[in-house]
Structure formats: structure tokens, C-alpha cells
file work.pdb (PDB, C-alpha atoms and all ligand atoms)
ATOM      1  CA  MET S   1       0.000   0.000   0.000  1.00  0.00           C
ATOM      2  CA  GLU S   2       2.758   2.385   0.946  1.00  0.00           C
ATOM      3  CA  LEU S   3       4.632   1.480  -2.239  1.00  0.00           C
ATOM      4  CA  ALA S   4       1.489   2.056  -4.329  1.00  0.00           C
ATOM      5  CA  LEU S   5       1.128   5.498  -2.764  1.00  0.00           C
ATOM      6  CA  ARG S   6       4.775   6.228  -3.469  1.00  0.00           C
ATOM      7  CA  GLY S   7       4.287   5.186  -7.082  1.00  0.00           C
ATOM      8  CA  ALA S   8       1.145   7.322  -7.492  1.00  0.00           C
ATOM      9  CA  ALA S   9       2.841  10.317  -5.888  1.00  0.00           C
ATOM     10  CA  SER S  10       5.788   9.838  -8.268  1.00  0.00           C
ATOM     11  CA  VAL S  11       3.461   9.961 -11.284  1.00  0.00           C
ATOM     12  CA  VAL S  12       1.811  13.181 -10.030  1.00  0.00           C
ATOM     13  CA  CYS S  13       5.239  14.601  -9.302  1.00  0.00           C
ATOM     14  CA  SER S  14       6.381  13.747 -12.845  1.00  0.00           C
ATOM     15  CA  VAL S  15       3.432  15.636 -14.373  1.00  0.00           C
ATOM     16  CA  VAL S  16       4.102  18.700 -12.174  1.00  0.00           C
ATOM     17  CA  LEU S  17       7.825  18.577 -12.988  1.00  0.00           C
ATOM     18  CA  GLY S  18       7.033  18.211 -16.691  1.00  0.00           C
ATOM     19  CA  ALA S  19       4.883  21.348 -16.560  1.00  0.00           C
ATOM     20  CA  GLY S  20       7.767  23.138 -14.815  1.00  0.00           C
ATOM     21  CA  PHE S  21      10.217  22.006 -17.509  1.00  0.00           C
ATOM     22  CA  GLY S  22       7.778  23.256 -20.161  1.00  0.00           C
ATOM     23  CA  VAL S  23       7.755  26.686 -18.511  1.00  0.00           C
ATOM     24  CA  ALA S  24      11.572  26.649 -18.272  1.00  0.00           C
ATOM     25  CA  ALA S  25      11.725  25.890 -22.003  1.00  0.00           C
ATOM     26  CA  ALA S  26       9.265  28.712 -22.791  1.00  0.00           C
ATOM     27  CA  VAL S  27      11.345  31.120 -20.681  1.00  0.00           C
ATOM     28  CA  GLY S  28      14.475  29.953 -22.535  1.00  0.00           C
ATOM     29  CA  MET S  29      12.726  30.594 -25.848  1.00  0.00           C
ATOM     30  CA  GLY S  30      11.687  34.029 -24.638  1.00  0.00           C
ATOM     31  CA  MET S  31       8.060  33.274 -25.383  1.00  0.00           C
ATOM     32  CA  PRO S  32       5.948  33.964 -22.296  1.00  0.00           C
ATOM     33  CA  VAL S  33       2.841  33.831 -24.507  1.00  0.00           C
ATOM     34  CA  MET S  34       3.358  30.085 -24.748  1.00  0.00           C
ATOM     35  CA  PHE S  35       3.151  29.426 -20.984  1.00  0.00           C
ATOM     36  CA  ASP S  36      -0.197  27.645 -21.054  1.00  0.00           C
ATOM     37  CA  LEU S  37       0.848  25.525 -24.034  1.00  0.00           C
ATOM     38  CA  ALA S  38       4.201  24.855 -22.355  1.00  0.00           C
ATOM     39  CA  VAL S  39       2.488  23.668 -19.171  1.00  0.00           C
ATOM     40  CA  MET S  40       0.230  21.391 -21.208  1.00  0.00           C
ATOM     41  CA  PHE S  41       3.018  19.958 -23.381  1.00  0.00           C
ATOM     42  CA  GLY S  42       5.281  19.529 -20.367  1.00  0.00           C
ATOM     43  CA  GLY S  43       2.575  17.893 -18.297  1.00  0.00           C
ATOM     44  CA  VAL S  44       1.835  15.348 -21.028  1.00  0.00           C
ATOM     45  CA  ALA S  45       5.557  14.653 -21.498  1.00  0.00           C
ATOM     46  CA  GLY S  46       5.890  14.300 -17.715  1.00  0.00           C
ATOM     47  CA  LEU S  47       3.020  11.800 -17.655  1.00  0.00           C
ATOM     48  CA  LEU S  48       4.548   9.770 -20.483  1.00  0.00           C
ATOM     49  CA  CYS S  49       7.928   9.751 -18.721  1.00  0.00           C
ATOM     50  CA  SER S  50       6.493   9.073 -15.249  1.00  0.00           C
ATOM     51  CA  PRO S  51       7.623   5.406 -15.086  1.00  0.00           C
ATOM     52  CA  ALA S  52      11.198   6.705 -15.041  1.00  0.00           C
ATOM     53  CA  LEU S  53      10.456   8.926 -12.027  1.00  0.00           C
ATOM     54  CA  VAL S  54       8.642   6.084 -10.266  1.00  0.00           C
ATOM     55  CA  PHE S  55      11.864   4.096 -10.688  1.00  0.00           C
ATOM     56  CA  ALA S  56      13.968   7.047  -9.471  1.00  0.00           C
ATOM     57  CA  LEU S  57      11.912   7.620  -6.304  1.00  0.00           C
ATOM     58  CA  TRP S  58      11.208   4.003  -5.386  1.00  0.00           C
ATOM     59  CA  SER S  59      13.897   3.993  -2.720  1.00  0.00           C
ATOM     60  CA  GLY S  60      16.001   6.643  -1.038  1.00  0.00           C
ATOM     61  CA  GLY S  61      15.136  10.176   0.038  1.00  0.00           C
ATOM     62  CA  TRP S  62      12.241  11.834  -1.744  1.00  0.00           C
ATOM     63  CA  VAL S  63      13.586  15.400  -1.806  1.00  0.00           C
ATOM     64  CA  VAL S  64      17.088  14.325  -2.850  1.00  0.00           C
ATOM     65  CA  GLY S  65      15.632  12.121  -5.579  1.00  0.00           C
ATOM     66  CA  VAL S  66      13.418  14.866  -7.009  1.00  0.00           C
ATOM     67  CA  ALA S  67      16.280  17.394  -6.883  1.00  0.00           C
ATOM     68  CA  ALA S  68      18.688  14.965  -8.586  1.00  0.00           C
ATOM     69  CA  VAL S  69      16.290  14.602 -11.515  1.00  0.00           C
ATOM     70  CA  ALA S  70      14.621  18.033 -11.624  1.00  0.00           C
ATOM     71  CA  LEU S  71      17.674  20.330 -11.512  1.00  0.00           C
ATOM     72  CA  PRO S  72      19.602  18.869 -14.497  1.00  0.00           C
ATOM     73  CA  THR S  73      16.385  18.530 -16.518  1.00  0.00           C
ATOM     74  CA  LEU S  74      15.319  22.083 -15.705  1.00  0.00           C
ATOM     75  CA  ALA S  75      18.693  23.305 -16.959  1.00  0.00           C
ATOM     76  CA  ALA S  76      18.408  21.123 -20.081  1.00  0.00           C
ATOM     77  CA  ALA S  77      14.887  22.395 -20.855  1.00  0.00           C
ATOM     78  CA  TYR S  78      16.002  26.014 -20.456  1.00  0.00           C
ATOM     79  CA  VAL S  79      19.137  25.548 -22.579  1.00  0.00           C
ATOM     80  CA  GLY S  80      17.063  23.733 -25.198  1.00  0.00           C
ATOM     81  CA  GLY S  81      14.674  26.701 -25.217  1.00  0.00           C
ATOM     82  CA  VAL S  82      17.538  29.172 -25.614  1.00  0.00           C
ATOM     83  CA  LEU S  83      18.972  27.184 -28.541  1.00  0.00           C
ATOM     84  CA  THR S  84      15.597  26.886 -30.281  1.00  0.00           C
ATOM     85  CA  PRO S  85      15.320  29.154 -33.342  1.00  0.00           C
ATOM     86  CA  PRO S  86      12.387  31.594 -33.297  1.00  0.00           C
ATOM     87  CA  ASN S  87       9.007  30.030 -34.139  1.00  0.00           C
ATOM     88  CA  ALA S  88      10.508  26.537 -34.284  1.00  0.00           C
ATOM     89  CA  GLY S  89       8.261  25.136 -31.569  1.00  0.00           C
ATOM     90  CA  PRO S  90       9.184  23.358 -28.331  1.00  0.00           C
ATOM     91  CA  PHE S  91      10.608  20.233 -29.948  1.00  0.00           C
ATOM     92  CA  LEU S  92      14.346  20.932 -29.625  1.00  0.00           C
ATOM     93  CA  SER S  93      13.883  21.757 -25.954  1.00  0.00           C
ATOM     94  CA  MET S  94      11.860  18.603 -25.365  1.00  0.00           C
ATOM     95  CA  GLY S  95      14.375  16.599 -27.392  1.00  0.00           C
ATOM     96  CA  ILE S  96      17.105  17.654 -24.966  1.00  0.00           C
ATOM     97  CA  ALA S  97      15.088  17.648 -21.734  1.00  0.00           C
ATOM     98  CA  ILE S  98      13.433  14.233 -22.122  1.00  0.00           C
ATOM     99  CA  PRO S  99      16.666  12.185 -22.521  1.00  0.00           C
ATOM    100  CA  VAL S 100      18.221  14.095 -19.588  1.00  0.00           C
ATOM    101  CA  TYR S 101      15.097  13.397 -17.518  1.00  0.00           C
ATOM    102  CA  LEU S 102      15.166   9.692 -18.331  1.00  0.00           C
ATOM    103  CA  ALA S 103      18.916   9.352 -17.806  1.00  0.00           C
ATOM    104  CA  THR S 104      18.974  11.168 -14.449  1.00  0.00           C
ATOM    105  CA  SER S 105      15.894   9.221 -13.266  1.00  0.00           C
ATOM    106  CA  ILE S 106      17.409   5.862 -14.091  1.00  0.00           C
ATOM    107  CA  GLY S 107      20.787   6.873 -12.672  1.00  0.00           C
ATOM    108  CA  ARG S 108      19.201   8.136  -9.464  1.00  0.00           C
ATOM    109  CA  GLY S 109      17.132   4.950  -9.175  1.00  0.00           C
ATOM    110  CA  PHE S 110      20.223   2.749  -9.329  1.00  0.00           C
ATOM    111  CA  VAL S 111      22.176   4.912  -6.854  1.00  0.00           C
ATOM    112  CA  ALA S 112      19.292   4.934  -4.351  1.00  0.00           C
ATOM    113  CA  ARG S 113      18.882   1.172  -4.612  1.00  0.00           C
ATOM    114  CA  ALA S 114      22.593   0.540  -4.139  1.00  0.00           C
ATOM    115  CA  ARG S 115      22.627   2.785  -1.021  1.00  0.00           C
ATOM    116  CA  ASP S 116      19.523   1.053   0.310  1.00  0.00           C
ATOM    117  CA  ARG S 117      21.158  -2.313  -0.044  1.00  0.00           C
ATOM    118  CA  ALA S 118      24.439  -1.189   1.505  1.00  0.00           C
ATOM    119  CA  GLY S 119      22.674   0.182   4.578  1.00  0.00           C
ATOM    120  CA  ARG S 120      21.168  -3.171   5.423  1.00  0.00           C
ATOM    121  CA  PRO S 121      22.960  -6.355   6.488  1.00  0.00           C
ATOM    122  CA  GLY S 122      23.088  -8.729   3.542  1.00  0.00           C
ATOM    123  CA  LEU S 123      25.115 -11.907   3.420  1.00  0.00           C
ATOM    124  CA  CYS S 124      27.897 -13.031   5.765  1.00  0.00           C
ATOM    125  CA  GLU S 125      31.246 -12.061   4.258  1.00  0.00           C
ATOM    126  CA  ARG S 126      32.783 -15.447   5.092  1.00  0.00           C
ATOM    127  CA  CYS S 127      30.121 -18.116   4.741  1.00  0.00           C
ATOM    128  CA  GLY S 128      27.354 -16.330   2.820  1.00  0.00           C
ATOM    129  CA  TYR S 129      24.687 -16.869   5.509  1.00  0.00           C
ATOM    130  CA  ASP S 130      21.697 -14.527   5.031  1.00  0.00           C
ATOM    131  CA  LEU S 131      21.954 -11.871   7.758  1.00  0.00           C
ATOM    132  CA  SER S 132      18.815  -9.879   6.852  1.00  0.00           C
ATOM    133  CA  GLY S 133      16.454  -9.475   9.793  1.00  0.00           C
ATOM    134  CA  LEU S 134      19.297  -9.788  12.307  1.00  0.00           C
ATOM    135  CA  ARG S 135      20.597  -6.915  14.387  1.00  0.00           C
ATOM    136  CA  PRO S 136      23.522  -5.180  12.636  1.00  0.00           C
ATOM    137  CA  ARG S 137      26.887  -6.040  14.215  1.00  0.00           C
ATOM    138  CA  SER S 138      25.456  -9.010  16.095  1.00  0.00           C
ATOM    139  CA  GLY S 139      27.726 -11.282  14.073  1.00  0.00           C
ATOM    140  CA  CYS S 140      26.959 -14.263  11.906  1.00  0.00           C
ATOM    141  CA  PRO S 141      25.025 -16.990  13.762  1.00  0.00           C
ATOM    142  CA  GLU S 142      26.487 -19.593  11.427  1.00  0.00           C
ATOM    143  CA  CYS S 143      30.241 -18.994  11.658  1.00  0.00           C
ATOM    144  CA  GLY S 144      30.480 -16.257  14.296  1.00  0.00           C
ATOM    145  CA  VAL S 145      32.250 -13.702  12.101  1.00  0.00           C
ATOM    146  CA  LYS S 146      31.360 -10.039  12.741  1.00  0.00           C
ATOM    147  CA  ALA S 147      30.473  -7.744   9.831  1.00  0.00           C
ATOM    148  CA  GLY S 148      33.550  -5.923   8.546  1.00  0.00           C
ATOM    149  CA  SER S 149      36.025  -8.061  10.488  1.00  0.00           C
ATOM    150  CA  THR S 150      37.105 -10.361   7.662  1.00  0.00           C
ATOM    151  CA  SER S 151      39.087  -7.708   5.782  1.00  0.00           C
ATOM    152  CA  THR S 152      42.081  -7.850   8.175  1.00  0.00           C
TER     153      THR S 152
HETATM  154 ZN    ZN S 201      29.103 -16.585   8.507  1.00  0.00          ZN
END
call {"tool": "encode", "arguments": {"input": "work.pdb", "output": "C-alpha cells", "more": "lines below"}}
Ligand SMILES: [Zn+2]
result
Amino acid sequence: MELALRGAASVVCSVVLGAGFGVAAAVGMGMPVMFDLAVMFGGVAGLLCSPALVFALWSGGWVVGVAAVALPTLAAAYVGGVLTPPNAGPFLSMGIAIPVYLATSIGRGFVARARDRAGRPGLCERCGYDLSGLRPRSGCPECGVKAGSTST
């Protein structure tokens, strides 16, 4: 249930972020008239790309995860807008922002998962006994080795 909520919140977050990226692109293009269109385009793009953000925010800190994805993408959308020739439409900006969004989301997802796993006792370093569910530093019940003591 909590995971479903997290997933749903990630989708909503992706739509809101997408709208924000659309505005950043419109600002970059110097076309404030296009704000409503930019919000709409961005929101749809955000919805389409939401699985990537669900992946990014599945584990790890929420705020850190959103910042890790939103800041580079915001910059990419703005730069894409600046580089867009007049009256060329939002496609160059979207073409830059969407790959950055997907790449940072997937990257963030892997980093958060790796941190999650490292913070939790996994397998005994010597005999491979599954230590999950045991108190950290209580030692392996199978061979008696303490976590981190096999390296010396
Ligand atoms: Zn062991």
C-alpha cells in the first residue's frame, strides 16, 4: 500500500515537474505567450515519462531524488529553449530535456537502490549466511564472524 502510494505520488510529481520544464523551455525561448501551451506539453511529457520517475523515487530520500532529476532537466529544458530558433516550436527543448530526464531518473534509481542495499545487512562475508532481519553487528550466527572483520 505504501509502495502504491509512493508510485502514485511519483506519477503526479512527474506531471508537475514536466509542466515546470515546459515553462523553463518557454522562458528559454523568450516566449511567455506560450506558458499555457508549455504547461500542457510539459505535463503530457511528464506523464509519459512518469515510469522513469517512479523508478527514481522508489527507494532513497524523496527530496534528494526529485532534486537529482529536476535540476539537471530544468537546466536542459532552459538551454534547449535558448537554442531553439524563433518560431521553431518546443521540440528541440523537449528533445534535450526528455533524454536528460530519463537518464537522471534511471541513474538516481540505481544509486538509491545501491545505497539502500548497503545500509542493510546482507550476506555473511565469510560463509554467505543470510543476515537480513538480524541486528547489525550481532555477528553471523552460522560462523560467528562479525560484519567488517574479515578484511584484516
Ligand atoms: Zn558466517
call {"tool": "residues_around", "arguments": {"input": "work.pdb", "residues": "Gly65 of chain S", "least_positions_apart": "6", "cutoff": "8 Å", "atoms": "only C-alpha atoms", "output": "PyMOL selection string"}}
result
chain S and resi 56-57+108
call {"tool": "residues_near_ligand", "arguments": {"input": "work.pdb", "ligand": "ligand ZN 201 (chain S)", "cutoff": "7 Å", "atoms": "only C-alpha atoms and all ligand atoms", "output": "list in words"}}
result
Cys124, Glu125, Arg126, Cys127, Gly128, Tyr129, Cys140, Pro141, Glu142, Cys143, Gly144 and Val145 of chain S
call {"tool": "axis_aligned_box", "arguments": {"input": "work.pdb", "around": "segment 60-74 of chain S", "padding_each_side": "6 Å", "output": "JSON"}}
result
{"center_x": 15.9, "center_y": 14.4, "center_z": -8.2, "size_x": 19.4, "size_y": 27.4, "size_z": 28.6}
call {"tool": "resolve_selection", "arguments": {"input": "work.pdb", "expression": "the PyMOL selection byres (((chain S and resi 8) around 12) and not hetatm)", "output": "ChimeraX atom specification"}}
result
/S:1-7,9-15,47,50-51,53-55,57-58
call {"tool": "closest_residue", "arguments": {"input": "work.pdb", "among": "S:Leu74, S:Val82, S:Ala52, S:Ala118", "to": "Ala24 of chain S", "atoms": "only C-alpha atoms"}}
result
S:Leu74
call {"tool": "residues_around", "arguments": {"input": "work.pdb", "residues": "Ala97 of chain S", "least_positions_apart": "3", "cutoff": "12 Å", "atoms": "only C-alpha atoms", "output": "PDB file with C-alpha atoms, keeping the file's coordinate frame"}}
result
ATOM      1  CA  LEU S  17       7.825  18.577 -12.988  1.00  0.00           C
ATOM      2  CA  GLY S  18       7.033  18.211 -16.691  1.00  0.00           C
ATOM      3  CA  GLY S  20       7.767  23.138 -14.815  1.00  0.00           C
ATOM      4  CA  PHE S  21      10.217  22.006 -17.509  1.00  0.00           C
ATOM      5  CA  GLY S  22       7.778  23.256 -20.161  1.00  0.00           C
ATOM      6  CA  ALA S  24      11.572  26.649 -18.272  1.00  0.00           C
ATOM      7  CA  ALA S  25      11.725  25.890 -22.003  1.00  0.00           C
ATOM      8  CA  GLY S  42       5.281  19.529 -20.367  1.00  0.00           C
ATOM      9  CA  ALA S  45       5.557  14.653 -21.498  1.00  0.00           C
ATOM     10  CA  GLY S  46       5.890  14.300 -17.715  1.00  0.00           C
ATOM     11  CA  CYS S  49       7.928   9.751 -18.721  1.00  0.00           C
ATOM     12  CA  VAL S  69      16.290  14.602 -11.515  1.00  0.00           C
ATOM     13  CA  ALA S  70      14.621  18.033 -11.624  1.00  0.00           C
ATOM     14  CA  LEU S  71      17.674  20.330 -11.512  1.00  0.00           C
ATOM     15  CA  PRO S  72      19.602  18.869 -14.497  1.00  0.00           C
ATOM     16  CA  THR S  73      16.385  18.530 -16.518  1.00  0.00           C
ATOM     17  CA  LEU S  74      15.319  22.083 -15.705  1.00  0.00           C
ATOM     18  CA  ALA S  75      18.693  23.305 -16.959  1.00  0.00           C
ATOM     19  CA  ALA S  76      18.408  21.123 -20.081  1.00  0.00           C
ATOM     20  CA  ALA S  77      14.887  22.395 -20.855  1.00  0.00           C
ATOM     21  CA  TYR S  78      16.002  26.014 -20.456  1.00  0.00           C
ATOM     22  CA  VAL S  79      19.137  25.548 -22.579  1.00  0.00           C
ATOM     23  CA  GLY S  80      17.063  23.733 -25.198  1.00  0.00           C
ATOM     24  CA  GLY S  81      14.674  26.701 -25.217  1.00  0.00           C
ATOM     25  CA  PRO S  90       9.184  23.358 -28.331  1.00  0.00           C
ATOM     26  CA  PHE S  91      10.608  20.233 -29.948  1.00  0.00           C
ATOM     27  CA  LEU S  92      14.346  20.932 -29.625  1.00  0.00           C
ATOM     28  CA  SER S  93      13.883  21.757 -25.954  1.00  0.00           C
ATOM     29  CA  MET S  94      11.860  18.603 -25.365  1.00  0.00           C
ATOM     30  CA  VAL S 100      18.221  14.095 -19.588  1.00  0.00           C
ATOM     31  CA  TYR S 101      15.097  13.397 -17.518  1.00  0.00           C
ATOM     32  CA  LEU S 102      15.166   9.692 -18.331  1.00  0.00           C
ATOM     33  CA  ALA S 103      18.916   9.352 -17.806  1.00  0.00           C
ATOM     34  CA  THR S 104      18.974  11.168 -14.449  1.00  0.00           C
ATOM     35  CA  SER S 105      15.894   9.221 -13.266  1.00  0.00           C
TER      36      SER S 105
END
call {"tool": "closest_residue", "arguments": {"input": "work.pdb", "among": "S:Val63, S:Leu123, S:Val39, S:Ile106", "to": "Val27 of chain S", "atoms": "all atoms listed in the file"}}
result
S:Val39
call {"tool": "resolve_selection", "arguments": {"input": "work.pdb", "expression": "the PyMOL selection byres (((chain S and resi 60) around 9) and not hetatm)", "output": "PyMOL selection string"}}
result
chain S and resi 56-59+61-62+64-65+109+111-113+115-116
call {"tool": "atom_distance", "arguments": {"input": "work.pdb", "atom1": "atom CA of Ala38 of chain S", "atom2": "atom CA of Ala19 of chain S"}}
result
6.8 Å
call {"tool": "atom_distance", "arguments": {"input": "work.pdb", "atom1": "atom CA of Val16 of chain S", "atom2": "atom CA of Gly43 of chain S"}}
result
6.4 Å
call {"tool": "atom_distance", "arguments": {"input": "work.pdb", "atom1": "atom CA of Ala68 of chain S", "atom2": "atom CA of Pro85 of chain S"}}
result
28.7 Å
